[in-house]
Structures are given as structure tokens and as C-alpha cells.
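Printed here is run24.txt (compact mmCIF, C-alpha atoms):
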```
# COMPACT_ATOMS: atom_id res chain seq x y z
CA MET A 888 1.41 2.62 -29.82
CA ALA A 889 3.00 6.04 -30.34
CA LEU A 890 4.94 7.42 -27.40
CA LEU A 891 3.04 10.28 -25.76
CA GLN A 892 4.88 13.60 -25.75
CA SER A 893 4.75 16.58 -23.37
CA PHE A 894 6.02 20.14 -23.64
CA ILE A 895 7.21 19.75 -20.03
CA GLN A 896 10.69 18.22 -19.93
CA VAL A 897 10.62 15.02 -17.86
CA HIS A 898 13.71 12.94 -17.09
CA PRO A 899 13.45 9.36 -18.45
CA ASP A 900 13.83 7.99 -14.92
CA SER A 901 11.13 10.23 -13.43
CA HIS A 902 8.23 8.33 -11.85
CA PHE A 903 5.75 10.86 -13.26
CA PRO A 904 5.98 11.11 -17.08
CA ILE A 905 3.04 12.04 -19.31
CA GLN A 906 2.01 8.35 -19.32
CA ASN A 907 1.48 8.51 -15.54
CA LEU A 908 -0.48 11.46 -14.16
CA PRO A 909 -1.11 10.52 -10.51
CA TYR A 910 -3.55 12.42 -8.32
CA GLY A 911 -2.79 13.92 -4.93
CA ILE A 912 -3.40 16.86 -2.58
CA PHE A 913 -0.90 19.72 -2.32
CA LYS A 914 -0.43 23.31 -1.14
CA PRO A 915 1.12 25.86 -3.55
CA GLN A 916 2.35 27.81 -0.51
CA PRO A 917 2.62 26.83 3.17
CA THR A 918 -0.32 29.11 3.99
CA SER A 919 -2.46 27.98 1.02
CA SER A 920 -5.47 25.74 1.42
CA PRO A 921 -5.01 22.11 0.30
CA ARG A 922 -6.27 21.33 -3.18
CA PRO A 923 -6.22 18.52 -5.78
CA GLY A 924 -3.33 18.30 -8.20
CA VAL A 925 -1.69 16.04 -10.77
CA ALA A 926 2.05 15.36 -10.77
CA ILE A 927 4.08 15.57 -13.98
CA GLY A 928 7.85 15.36 -13.73
CA ASP A 929 8.97 17.73 -10.97
CA PHE A 930 5.83 19.88 -11.24
CA VAL A 931 2.24 19.78 -9.96
CA LEU A 932 -0.72 20.87 -12.10
CA ASP A 933 -3.27 22.73 -9.96
CA LEU A 934 -6.62 21.18 -10.88
CA SER A 935 -8.57 23.85 -9.00
CA GLU A 936 -7.12 26.50 -11.33
CA ILE A 937 -7.88 24.40 -14.41
CA SER A 938 -11.44 23.96 -13.19
CA SER A 939 -11.87 27.67 -12.40
CA ALA A 940 -10.70 28.51 -15.92
CA GLY A 941 -13.48 26.34 -17.36
CA LEU A 942 -11.10 23.94 -19.11
CA PHE A 943 -12.92 20.84 -17.88
CA ASN A 944 -15.75 20.92 -20.42
CA GLY A 945 -16.71 17.24 -20.58
CA PRO A 946 -20.21 16.10 -19.55
CA LEU A 947 -19.13 14.78 -16.14
CA LEU A 948 -16.71 17.47 -14.97
CA ASN A 949 -18.32 20.53 -16.54
CA ASN A 950 -19.93 22.59 -13.74
CA SER A 951 -18.56 20.19 -11.09
CA ASP A 952 -16.86 21.63 -8.01
CA CYS A 953 -14.97 18.39 -7.28
CA PHE A 954 -11.59 20.10 -7.79
CA GLN A 955 -12.48 22.94 -5.41
CA GLN A 956 -12.48 20.50 -2.47
CA PRO A 957 -9.64 19.95 0.06
CA ASN A 958 -9.57 16.23 -0.79
CA LEU A 959 -10.17 13.90 -3.75
CA ASN A 960 -13.22 12.08 -2.39
CA LYS A 961 -15.82 13.90 -4.49
CA PHE A 962 -13.84 13.40 -7.69
CA VAL A 963 -13.16 9.74 -6.84
CA SER A 964 -16.88 9.11 -6.27
CA LEU A 965 -17.72 10.16 -9.86
CA GLY A 966 -16.41 6.87 -11.22
CA ARG A 967 -13.99 5.75 -13.89
CA PRO A 968 -15.47 7.74 -16.84
CA ALA A 969 -14.87 10.97 -14.92
CA TRP A 970 -11.33 9.92 -13.96
CA LYS A 971 -10.50 9.48 -17.63
CA GLU A 972 -12.15 12.82 -18.43
CA ALA A 973 -10.10 14.69 -16.30
CA LEU A 974 -9.53 8.84 3.14
CA GLY A 975 -11.86 6.80 4.24
CA ASP A 976 -11.77 3.44 6.07
CA TYR A 977 -8.68 1.23 6.08
CA THR A 978 -8.58 -2.55 5.61
CA ASP A 979 -5.41 -4.64 5.35
CA PHE A 980 -5.37 -7.96 3.50
CA PHE A 981 -3.01 -10.95 3.79
CA SER A 982 -2.71 -11.87 0.11
CA SER A 983 0.89 -13.01 -0.50
CA LEU A 984 1.31 -16.79 -0.32
CA HIS A 985 5.06 -16.54 0.29
CA HIS A 986 4.60 -14.10 3.19
CA THR A 987 1.82 -16.26 4.64
CA LYS A 988 3.97 -19.40 4.51
CA ASN A 989 6.97 -17.69 6.09
CA CYS A 990 4.91 -16.21 8.94
CA GLY A 991 3.25 -19.57 9.52
CA LEU A 992 6.61 -21.32 9.73
CA ILE A 993 7.90 -18.72 12.19
CA PHE A 994 4.87 -18.68 14.50
CA ARG A 995 3.29 -22.14 14.07
CA GLY A 996 5.98 -24.42 12.67
CA PRO A 997 6.07 -26.69 9.60
CA GLN A 998 2.92 -28.67 10.42
CA THR A 999 0.37 -26.01 9.35
CA PRO A 1000 2.20 -22.95 7.97
CA VAL A 1001 -0.85 -21.96 5.88
CA LEU A 1002 -4.29 -22.44 7.41
CA GLU A 1003 -6.99 -24.07 5.26
CA ASN A 1004 -9.22 -21.00 4.95
CA TRP A 1005 -6.42 -18.92 3.42
CA TYR A 1006 -6.64 -20.78 0.09
CA HIS A 1007 -10.40 -20.13 -0.11
CA LEU A 1008 -10.75 -16.43 0.75
CA PRO A 1009 -8.70 -13.22 0.99
CA VAL A 1010 -7.99 -12.93 4.73
CA ALA A 1011 -8.02 -9.37 6.13
CA TYR A 1012 -8.45 -7.23 9.24
CA HIS A 1013 -9.82 -3.74 9.76
CA GLY A 1014 -7.19 -1.10 10.55
CA ARG A 1015 -7.40 2.44 11.88
CA ALA A 1016 -7.97 5.18 9.32
CA SER A 1017 -7.06 7.72 12.04
CA SER A 1018 -3.42 6.56 12.09
CA VAL A 1019 -2.88 6.45 8.31
CA VAL A 1020 -0.23 9.12 7.63
CA VAL A 1021 1.38 10.52 4.50
CA SER A 1022 4.95 9.71 3.51
CA GLY A 1023 7.57 11.65 5.50
CA THR A 1024 5.69 11.58 8.81
CA ASP A 1025 7.81 10.45 11.78
CA ILE A 1026 6.78 7.16 13.39
CA VAL A 1027 6.79 7.07 17.20
CA ARG A 1028 7.97 3.73 18.54
CA PRO A 1029 4.86 2.11 20.05
CA ARG A 1030 4.54 0.80 23.59
CA GLY A 1031 2.53 -2.21 24.67
CA GLN A 1032 2.56 -5.62 26.30
CA ALA A 1033 4.91 -8.37 25.17
CA HIS A 1034 5.69 -11.83 26.53
CA PRO A 1035 9.08 -13.14 25.38
CA ALA A 1036 9.58 -16.90 25.26
CA GLY A 1037 10.93 -18.28 28.50
CA LYS A 1038 9.75 -15.36 30.62
CA PRO A 1039 7.23 -16.08 33.40
CA SER A 1040 4.97 -13.09 32.73
CA PRO A 1041 4.37 -10.29 30.22
CA TYR A 1042 5.89 -6.83 30.54
CA PHE A 1043 4.92 -3.34 29.34
CA GLY A 1044 7.30 -1.10 27.44
CA PRO A 1045 8.53 0.14 24.04
CA SER A 1046 8.45 -2.45 21.28
CA LEU A 1047 11.79 -4.17 20.75
CA LYS A 1048 10.74 -5.72 17.44
CA LEU A 1049 9.54 -2.80 15.34
CA ASP A 1050 9.15 -3.75 11.69
CA PHE A 1051 8.10 -2.41 8.29
CA GLU A 1052 5.79 -4.15 5.81
CA LEU A 1053 6.20 -3.70 2.06
CA GLU A 1054 2.68 -3.28 0.71
CA MET A 1055 0.59 -1.50 -1.86
CA ALA A 1056 -2.97 -0.31 -1.42
CA THR A 1057 -6.07 0.15 -3.52
CA ILE A 1058 -7.86 3.49 -3.22
CA VAL A 1059 -11.59 2.86 -3.65
CA GLY A 1060 -13.49 4.90 -6.22
CA PRO A 1061 -17.32 4.98 -6.32
CA GLY A 1062 -17.83 2.35 -3.60
CA ASN A 1063 -21.15 0.51 -3.25
CA GLU A 1064 -24.44 0.79 -1.39
CA LEU A 1065 -24.94 -1.00 1.91
CA GLY A 1066 -26.31 -4.48 1.22
CA LYS A 1067 -25.26 -4.51 -2.45
CA PRO A 1068 -22.04 -6.46 -3.14
CA VAL A 1069 -19.70 -5.58 -6.00
CA ASP A 1070 -19.58 -8.26 -8.72
CA ILE A 1071 -16.07 -9.64 -9.18
CA ASN A 1072 -16.06 -8.78 -12.89
CA ASN A 1073 -17.06 -5.16 -12.17
CA ALA A 1074 -14.65 -4.68 -9.27
CA GLU A 1075 -11.98 -2.93 -11.35
CA ASP A 1076 -14.40 -0.06 -12.01
CA HIS A 1077 -14.44 0.59 -8.25
CA ILE A 1078 -10.64 1.02 -8.01
CA PHE A 1079 -9.44 4.61 -8.45
CA GLY A 1080 -5.74 3.76 -8.25
CA LEU A 1081 -2.85 2.45 -6.18
CA VAL A 1082 -0.37 3.82 -3.64
CA LEU A 1083 2.61 2.41 -1.76
CA LEU A 1084 1.81 1.42 1.82
CA ASN A 1085 3.93 0.56 4.87
CA ASP A 1086 1.91 -1.14 7.60
CA TRP A 1087 4.31 -0.60 10.50
CA SER A 1088 4.22 -3.56 12.89
CA ALA A 1089 5.39 -4.21 16.46
CA ARG A 1090 6.09 -7.93 16.23
CA ASP A 1091 6.54 -8.57 19.96
CA ILE A 1092 3.26 -6.83 20.84
CA GLN A 1093 1.52 -8.54 17.90
CA ALA A 1094 2.71 -12.03 18.86
CA TRP A 1095 1.35 -11.72 22.41
CA GLU A 1096 -2.04 -10.19 21.57
CA TYR A 1097 -3.17 -11.66 18.24
CA VAL A 1098 -4.84 -14.87 19.51
CA PRO A 1099 -7.82 -15.20 19.15
CA LEU A 1100 -9.05 -12.03 17.41
CA GLY A 1101 -6.05 -10.90 15.39
CA PRO A 1102 -3.79 -7.80 15.52
CA PHE A 1103 -4.61 -4.70 17.56
CA LEU A 1104 -1.97 -2.51 19.26
CA GLY A 1105 0.79 -4.22 17.31
CA LYS A 1106 -0.61 -2.70 14.12
CA ASN A 1107 -2.88 0.29 14.75
CA PHE A 1108 -0.28 2.89 15.75
CA ALA A 1109 0.78 3.97 12.23
CA THR A 1110 0.40 3.18 8.53
CA SER A 1111 2.30 5.24 5.95
CA ILE A 1112 1.13 5.79 2.35
CA SER A 1113 2.74 7.51 -0.62
CA PRO A 1114 1.17 10.86 -1.60
CA TRP A 1115 0.36 10.25 -5.29
CA ILE A 1116 -2.42 7.90 -6.47
CA VAL A 1117 -1.45 6.14 -9.71
CA THR A 1118 -4.47 5.14 -11.80
CA LEU A 1119 -5.07 1.67 -13.24
CA ASP A 1120 -5.06 3.21 -16.72
CA ALA A 1121 -1.40 4.20 -16.24
CA LEU A 1122 -0.60 0.67 -15.01
CA GLU A 1123 -2.48 -1.23 -17.73
CA PRO A 1124 0.61 -1.70 -19.97
CA PHE A 1125 2.16 -3.67 -17.10
CA ALA A 1126 -0.78 -5.98 -16.39
CA CYS A 1127 0.21 -9.65 -16.14
CA GLU A 1128 -1.43 -12.97 -15.43
CA ALA A 1129 -2.03 -13.67 -11.73
CA PRO A 1130 -0.78 -16.91 -10.14
CA LYS A 1131 -2.95 -19.99 -10.65
CA GLN A 1132 -5.21 -20.52 -7.63
CA ASP A 1133 -5.55 -24.07 -6.32
CA PRO A 1134 -8.20 -24.98 -5.31
CA PRO A 1135 -10.21 -22.84 -7.75
CA PRO A 1136 -11.99 -19.99 -5.94
CA LEU A 1137 -15.71 -20.08 -5.24
CA PRO A 1138 -17.89 -18.57 -8.01
CA TYR A 1139 -18.15 -15.10 -6.43
CA LEU A 1140 -14.33 -14.84 -6.58
CA ALA A 1141 -13.87 -16.46 -10.02
CA GLU A 1142 -12.70 -13.81 -12.49
CA LYS A 1143 -13.04 -13.88 -16.27
CA VAL A 1144 -9.58 -12.30 -16.40
CA SER A 1145 -7.36 -12.70 -13.34
CA LYS A 1146 -4.49 -10.22 -13.42
CA ASN A 1147 -1.80 -8.59 -11.34
CA TYR A 1148 0.67 -5.85 -12.29
CA ASP A 1149 4.39 -6.27 -12.93
CA LEU A 1150 5.63 -3.56 -10.56
CA SER A 1151 9.13 -3.66 -9.07
CA LEU A 1152 9.15 -2.85 -5.35
CA GLU A 1153 12.10 -2.00 -3.10
CA VAL A 1154 12.72 -1.16 0.54
CA HIS A 1155 15.69 0.94 1.65
CA ILE A 1156 16.77 1.57 5.25
CA LYS A 1157 18.88 4.61 6.12
CA PRO A 1158 20.35 4.53 9.66
CA VAL A 1159 20.63 7.75 11.63
CA ASP A 1160 23.68 9.90 10.76
CA HIS A 1161 24.31 7.86 7.59
CA LYS A 1162 24.31 9.55 4.19
CA ASP A 1163 23.47 6.43 2.22
CA SER A 1164 20.66 3.93 2.53
CA SER A 1165 20.84 0.15 1.99
CA VAL A 1166 18.44 -1.90 -0.12
CA VAL A 1167 17.11 -4.66 2.14
CA THR A 1168 14.55 -6.30 -0.15
CA ARG A 1169 13.28 -6.35 -3.73
CA SER A 1170 9.87 -7.82 -4.53
CA ASN A 1171 7.06 -7.43 -7.08
CA LEU A 1172 3.30 -6.89 -6.98
CA LYS A 1173 2.87 -9.77 -9.45
CA HIS A 1174 3.51 -12.23 -6.59
CA LEU A 1175 0.10 -11.57 -4.97
CA TYR A 1176 -2.01 -14.74 -4.78
CA TRP A 1177 -5.30 -12.88 -4.27
CA THR A 1178 -5.79 -10.10 -6.82
CA LEU A 1179 -6.80 -6.53 -6.05
CA THR A 1180 -10.24 -7.11 -7.56
CA GLN A 1181 -10.78 -10.31 -5.56
CA GLN A 1182 -9.93 -8.41 -2.38
CA LEU A 1183 -12.48 -5.70 -3.16
CA ALA A 1184 -15.24 -8.12 -4.21
CA HIS A 1185 -14.73 -10.29 -1.11
CA HIS A 1186 -14.81 -7.21 1.13
CA THR A 1187 -18.32 -6.39 -0.12
CA ILE A 1188 -19.81 -9.87 -0.58
CA ASN A 1189 -21.64 -9.73 2.76
CA GLY A 1190 -23.14 -6.33 1.88
CA CYS A 1191 -20.40 -4.20 3.46
CA ASN A 1192 -20.38 -0.78 1.82
CA LEU A 1193 -17.10 0.71 0.66
CA ARG A 1194 -16.83 4.49 0.31
CA PRO A 1195 -14.78 6.79 -1.93
CA GLY A 1196 -11.24 7.07 -0.61
CA ASP A 1197 -11.25 3.83 1.39
CA VAL A 1198 -7.81 2.21 1.60
CA LEU A 1199 -7.42 -1.54 1.00
CA GLY A 1200 -3.88 -2.71 1.78
CA THR A 1201 -2.59 -5.79 -0.02
CA GLY A 1202 -0.71 -7.23 2.92
CA THR A 1203 3.04 -7.77 2.86
CA ILE A 1204 4.26 -8.56 -0.67
CA SER A 1205 6.94 -11.25 -0.53
CA GLY A 1206 8.43 -13.17 -3.44
CA PRO A 1207 9.65 -16.77 -3.60
CA GLU A 1208 13.33 -15.93 -3.04
CA PRO A 1209 14.79 -15.09 0.42
CA GLU A 1210 15.93 -11.68 -0.85
CA ALA A 1211 12.33 -10.87 -1.86
CA ARG A 1212 10.87 -11.15 1.64
CA GLY A 1213 8.77 -8.09 2.43
CA CYS A 1214 9.49 -7.43 6.13
CA LEU A 1215 12.21 -7.84 8.76
CA LEU A 1216 10.24 -10.61 10.47
CA GLU A 1217 10.90 -12.75 7.39
CA LEU A 1218 14.30 -11.34 6.40
CA THR A 1219 15.80 -11.99 9.86
CA TRP A 1220 13.52 -14.95 10.63
CA ASN A 1221 12.13 -13.22 13.73
CA GLY A 1222 15.51 -11.93 14.83
CA GLN A 1223 17.48 -15.17 14.50
CA ASN A 1224 19.66 -13.61 11.77
CA SER A 1225 21.00 -10.11 11.15
CA LEU A 1226 21.00 -7.82 8.13
CA SER A 1227 24.00 -5.65 7.32
CA LEU A 1228 23.30 -1.97 6.64
CA ASN A 1229 26.64 -0.60 5.42
CA GLY A 1230 28.38 -2.44 8.26
CA LEU A 1231 25.63 -2.00 10.86
CA ASP A 1232 23.70 -5.06 12.01
CA ARG A 1233 19.90 -4.95 12.15
CA LYS A 1234 17.38 -7.50 13.32
CA PHE A 1235 14.56 -4.99 13.76
CA LEU A 1236 14.28 -1.21 13.38
CA GLU A 1237 16.16 1.10 15.73
CA ASP A 1238 15.41 4.72 16.64
CA GLY A 1239 16.59 7.04 13.88
CA ASP A 1240 16.21 4.47 11.11
CA GLU A 1241 14.41 5.80 8.04
CA VAL A 1242 12.51 3.27 5.94
CA ILE A 1243 11.89 4.16 2.28
CA LEU A 1244 9.58 2.19 -0.02
CA THR A 1245 9.58 2.73 -3.76
CA GLY A 1246 7.80 1.11 -6.70
CA TYR A 1247 7.99 1.46 -10.46
CA ALA A 1248 7.60 -0.21 -13.86
CA LYS A 1249 9.76 0.41 -16.93
CA GLY A 1250 8.03 1.13 -20.22
CA ASP A 1251 9.48 1.87 -23.65
CA GLY A 1252 11.41 5.05 -22.92
CA TYR A 1253 9.54 5.97 -19.75
CA THR A 1254 9.03 4.94 -16.12
CA ILE A 1255 5.72 4.65 -14.29
CA GLY A 1256 6.38 5.15 -10.59
CA PHE A 1257 4.86 5.95 -7.23
CA GLY A 1258 7.56 8.19 -5.80
CA THR A 1259 8.51 7.13 -2.27
CA CYS A 1260 6.78 6.15 0.95
CA SER A 1261 9.04 6.97 3.88
CA GLY A 1262 9.01 7.26 7.65
CA LYS A 1263 11.66 7.74 10.35
CA ILE A 1264 11.50 5.98 13.71
CA VAL A 1265 11.58 8.30 16.73
CA PRO A 1266 11.80 7.21 20.39
CA ALA A 1267 8.77 6.00 22.29
CA ALA A 1268 6.81 8.42 24.45
CA PRO A 1269 8.18 8.63 28.01
```

Show me, as C-alpha cells, the structure contained in the file I just sent.
Amino acid sequence: MALLQSFIQVHPDSHFPIQNLPYGIFKPQPTSSPRPGVAIGDFVLDLSEISSAGLFNGPLLNNSDCFQQPNLNKFVSLGRPAWKEALGDYTDFFSSLHHTKNCGLIFRGPQTPVLENWYHLPVAYHGRASSVVVSGTDIVRPRGQAHPAGKPSPYFGPSLKLDFELEMATIVGPGNELGKPVDINNAEDHIFGLVLLNDWSARDIQAWEYVPLGPFLGKNFATSISPWIVTLDALEPFACEAPKQDPPPLPYLAEKVSKNYDLSLEVHIKPVDHKDSSVVTRSNLKHLYWTLTQQLAHHTINGCNLRPGDVLGTGTISGPEPEARGCLLELTWNGQNSLSLNGLDRKFLEDGDEVILTGYAKGDGYTIGFGTCSGKIVPAAP
């Protein structure tokens, strides 16, 4: 296939070449109203201006005001044909086998590290859309109840085990009607694109509260996402076969083609007053056991309706090697070991630490990337 060319000069290492035109919301000036745009290199193409000039003349975007909106929801709802022509609810899945095993070993021991249901369905919980924030937003250290081992009673205070989670997320496109599930083999048409996601987690609060109904205050205080939505069309050259599932999934989750994407993922931590950051983990989206399309189809199988702009997190993406673990809980084995950040020891995040997620894939002479997803920890409220 011939390499696409652009009159805009783009560095070979840029995450946003002509092969990757991700969508986002921006302001040309601080006082401007927010509007849809497409990133290319170091520039943003204002889609509202393109629309006003009448340059979208295809059958789906001609006469549409979708690019005059302050968000992408109307454009996303038009479906995949419109995306090629030219924040809703939040759910977080638990789709990495390696992460699931490690967490099970830490919290339950070697007898049952992975529960039986996990191999039969994509486990998930509903998060809070209200606390999903864009990259660069400060993260206030959460407070809550914790009950350390060996202590007679729980206590209330700032979390002492604040953690990141290396994830990606699907942004839902057209969605589905209430009561009408999405067929597994049509699920890809309901995915607008992907972003990086950091599901910040307070492990001490989470450990005390999660039985029997799952996470609550240990998770709902903040979730960071990267600002640019990369479409599946841009990622298609990096599609790869998904891991073999054993036992085979039930028919509603059985795909004709089961695929992941070969995307390199990294997490950097930059301590306060330090110029340089340290890479603490390297993983890959291809390690997901449950695919993005299986997650979406399972979410709707009971008739649940997804809406344009809904966010479906993958869950922490860990690889098979120790250095590919996707959170500090795994990397430090719940604080039993320490990481070295340019000479500083870390078991969990400290105030002033900045966490930076990045993801990319290398093509022939170009890079498809997501930019960064970052957040800095600030002290808990008094």
C-alpha cells in the first residue's frame, strides 16, 4: 500500500501522522467555545470551520450540524460510514488474564487466583462518568475507610496505597436501543475509537470495601483519559490474533474473527521536583483475553442500551512478564517490594508524583499514537 502523504510536515515519531487523524474537542483561544477538531502533527484542524465552508459534501455529513456542537456525541452517533466520510456512561472491565491472576494471588492466595466465572464472561463494574477527567487534570488523594491487617478496627483517612492502572478504553459510537443487544459480529461497527485510560485506585480503601458488591470509593474518585480518540480504521494495520480462549466462549461471545491490536503501552512516573521521569512498566493491548468487541457485546446482551460517547475501560493491561505488570499493586506485590525512580523508592504513589501513560504502534515510516494520559497527585482535602 502506498504511503499516504500530507502537505503538513509531520515528524516521523509524531503520534498523529496523516495515517492517524484522531478526533477531540479543543478551543482555538482560551475564550473560544469548545468545538470538534482533528489532530495532525502539532496542529488541530477545526472541523466547525470546514463544515461552515461547506467542504463536507458527502450524503451523511452534508447539511449536518454535528461539527457545530461542543462535543462529539452527535457525530459519533451517525455511525461508521459517517466517521469515514469525514461522554456518556463509564464501565470498566477486568479483561487481562495476567492482571486477574496476579490480583487473585495477592488477595486470595494460590488456591483460587482466578474465579470460575472469569473464563466464561467479561467481568466488569459500572464507574462514575462524573469523575472521568481529561489528561492533565490534578488528582486529589482520596480519603476513605481502610482496615490494615493486624489492626483491631478500621480507620478513616487519606489513602496510603494510591495506585494507577494502565488501561485503554473504547468510545461507543451509535449505541443500541434498550432491549436490543448488539450481535458479537456487528460489535465493531459500534466502536468509534480508542483512548488511553488510567483508572486511579486506592488499594487500601478498595480491599476493605469490595466484598461483596465490588469497588466503590476505592475507584470512583477519578479516571483520566487521553484527549484524542483514535479510530479503528487507523489501528487496522496493527490488528492481531487474540489469545485462544479456553473453554470456548458461549455462542453469543463467539466471534468469526477474534482480534486485538498490537499497541505498545508504557507508564512513566515523574516525582515532584524531578526533571526526568522513570519508565515503570511496558505492556501491550494484544495481551487482553477478552476482546473489545466481546466486552461491548456482553455489556448489551441483557438489553442494556449503550449511548454515543459511552466509555468502556479494558481493565488493567498486564503482560506475562513481571516488567509488564500494569499497576503498582502488581509491580510491588501490594507494597512488599519497592520500585526505584531515579534513586527514589516507591511502593505506591506519593503526593507530587505525576503518572504519564502513552501508547503507540510503529508502521512503515510512521507512528500511530494516542499522545499522553497524565495526572499529578495532590494532597487530600483537609

Requested in this report: Write out as number ranges by chain the residues lying within 7 Å of Thr1254 in chain A, counting only C-alpha atoms and excluding same-chain residues fewer than 2 positions away.
Outcome: A: 899-902, 904, 1247-1250, 1256

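Of the listed residues A:Ser1151, A:Thr1057, A:Gln1093, A:Thr918, the one whose atoms come nearest to Phe1108 in chain A is A:Gln1093, with distances taken using all atoms listed in the file.
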
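Neighbouring residues of Lys1162 in chain A at 12 Å or closer, counting all atoms listed in the file and skipping chain neighbours under 4 positions away, are Ile1156, Lys1157, Pro1158, Leu1228, Asn1229, Asp1240 and Glu1241 of chain A.
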
Requested in this report: For each of A:Ile1243, A:Leu1231, A:Ile1204, A:Leu965, take the minimum atom-to-atom distance to His1155 in chain A, counting only C-alpha atoms, then give the residue where this is smallest.
Outcome: A:Ile1243

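The residue that comes closest to Ile1092 in chain A, out of A:Ala1033, A:Leu1122, A:Ala1056, A:Val1019 and on the basis of all atoms listed in the file, is A:Ala1033.
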
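Relative to CA of Asp976 in chain A, CA of Val1069 in chain A is found at 17.0 Å.
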
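The closest residue to Thr1180 in chain A, picked from A:Arg1090, A:Lys1067, A:Lys1146, A:Lys914 and counting all atoms listed in the file, is A:Lys1146.
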
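Taking CA of Val1001 in chain A and CA of Asp1133 in chain A as the two end points, the separation is 13.2 Å.
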
**Report entry** Nearest to Pro957 in chain A, chosen from A:Val931, A:Leu1179, A:Val925, A:Ile912, with only C-alpha atoms counted in the distances
**Finding:** A:Ile912

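Distance-wise, CA of Ala1094 in chain A and CA of Cys1260 in chain A end up 25.8 Å apart.
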
Per residue of range 954-1062 of chain A within 12 Å of range 1163-1167 of chain A, what are the shortest atom pair and its distance in Å to one decimal, counting all atoms listed in the file, with rows by chain and residue number, as a Markdown table?
```
| residue | atom | partner | partner_atom | distance |
| --- | --- | --- | --- | --- |
| A:Phe1051 | CA | A:Val1167 | CA | 11.1 |
| A:Glu1052 | CA | A:Val1167 | CA | 11.9 |
| A:Leu1053 | CA | A:Val1167 | CA | 11.0 |
```

Query raised in the report: Any idea what's packed within 12 Å of Lys1143 in chain A, counting all atoms listed in the file, ignoring anything in its chain fewer than 6 positions away? Could you give it as an NGL selection string?
Result: :A and (1070-1074 or 1128-1129 or 1180-1181)

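Minimum atom-to-atom distances from A:Gly911, A:Gly1246, A:Pro1207, A:Pro1135 to Lys988 in chain A were compared using all atoms listed in the file, and the lowest value belongs to A:Pro1207.
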
**Report entry** Exercise: range 1215-1223 of chain A partners within 8 Å, only C-alpha atoms, chain neighbours under 5 positions left out, as a ChimeraX atom specification
**Finding:** /A:986,989-990,993,1050-1052,1090,1209-1210,1234-1235
